[in-house]
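Here the structure comes first, spelled out in structure tokens, and everything after it is commentary.
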Amino acid sequence: MKRGLSFWLVLLMSWGWWQVGYAQSNYPVWEDLYVNDFADVIDASHESEIRTLLTEAYETQDVEITVLTVRSIFEYDTGDETIESFATNLFNEWGIGDAERNDGILLLVAIEDRELRIELGAGYGPADEDGLGSIIDRVIIPYFQEGDFSQGIVAGTEAIVARVQGN
């Protein structure tokens with residue numbers, strides 16, 4: 001009888017661990033509050049520059065901005081079919097920004113998908129969305145078209161920070 005009870009206990013515990021593993025997210029796990037270059041496209045000097053910009057933005061404006069590069073959103077098997085849904089779900093998963101003000105910003109670049117997005121917390125309005133959207137077209141994409149992802153991300157980050165600071 002004791003042997004049968006042990007079998008069921010082990011089986012139940014195994015099932016519990018499987019459920020925990022199954023419930024885990026497939027989104028990338030952030031390594032740094034400010035820069036997560038999983039596509040390895042940002043030069044070391046640019047990464048340092050971005051981190052300094054975003055640290056200053058956080059310290060002066062109390063706004064959390066995160067840069068993330070990935071090779072492809074489809075590497076993560078999240079079920080997201082678009083960069084918009086991937087960015088929104090990852091933004092919420094990582095908890096970017098102040099939860100009460102909902103004021104975080106995510107710059108997401110998917111290199112092989114040839115897509116990028118600036119995801120804003122719900123605390124921003126349509127004017128902010130339009131302004132930040134124009135940063136993609138006017139600032140970031142010209143560098144990307146030249147194949148300079150690193151400088152495009154730096155320039156985009158500078159423009160986002162300037163916008164947040166009201167410049």
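Numbering starts fresh at 1 for the residues of each chain in the structure tokens, the chains themselves are lettered A, B, ... in the order given, and ligands are numbered from 1 as they appear.
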Legend entry - Long-range neighbours of Thr78 of chain A as number ranges by chain, 8 Å cut-off, only C-alpha atoms, 4 positions minimum in chain: A: 25-27, 74, 86
Legend entry - Close residues, segment 89-102 of chain A itself excluded, 6 Å, only C-alpha atoms, min 5 positions apart in chain, as an NGL selection string: :A and (64 or 121-123)
Using all heavy atoms, can you write the selected residues to a file as a JSON list (two decimals), in the first residue's frame?
```
[["chain", "number", "residue", "atom", "x", "y", "z"],
["A", 64, "GLU", "N", 10.55, 55.13, -17.92],
["A", 64, "GLU", "CA", 11.33, 53.93, -18.23],
["A", 64, "GLU", "C", 11.20, 53.62, -19.72],
["A", 64, "GLU", "O", 10.10, 53.39, -20.21],
["A", 64, "GLU", "CB", 10.82, 52.76, -17.40],
["A", 64, "GLU", "CG", 11.68, 51.54, -17.46],
["A", 64, "GLU", "CD", 11.15, 50.45, -16.55],
["A", 64, "GLU", "OE1", 11.03, 50.71, -15.33],
["A", 64, "GLU", "OE2", 10.85, 49.36, -17.06],
["A", 121, "GLY", "N", 3.02, 52.89, -23.33],
["A", 121, "GLY", "CA", 2.04, 52.55, -22.31],
["A", 121, "GLY", "C", 0.74, 53.31, -22.58],
["A", 121, "GLY", "O", 0.73, 54.31, -23.29],
["A", 122, "ALA", "N", -0.34, 52.85, -21.98],
["A", 122, "ALA", "CA", -1.65, 53.44, -22.19],
["A", 122, "ALA", "C", -1.75, 54.87, -21.66],
["A", 122, "ALA", "O", -2.71, 55.58, -21.97],
["A", 122, "ALA", "CB", -2.73, 52.57, -21.56],
["A", 123, "GLY", "N", -0.78, 55.30, -20.89],
["A", 123, "GLY", "CA", -0.79, 56.66, -20.35],
["A", 123, "GLY", "C", -0.51, 57.73, -21.40],
["A", 123, "GLY", "O", -0.65, 58.91, -21.12]]
```
Inset, instruction - Find, counting only C-alpha atoms, the residue in A:Asn36, A:Ser45, A:Thr60, A:Thr52 that gets nearest to Gln151 of chain A. - result: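 Smallest distance to Gln151 of chain A is found for A:Ser45.
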Legend entry - Closest of A:Arg163, A:Leu68, A:Ala110, A:Thr157 to Ala127 of chain A - atom-to-atom distances counting only C-alpha atoms: A:Arg163
Inset, instruction - as a VMD selection string, please: all residues of chain A that backbone DSSP puts in strand (DSSP E). - result: chain A and resid 35 to 37 65 to 70 105 to 110 115 to 120
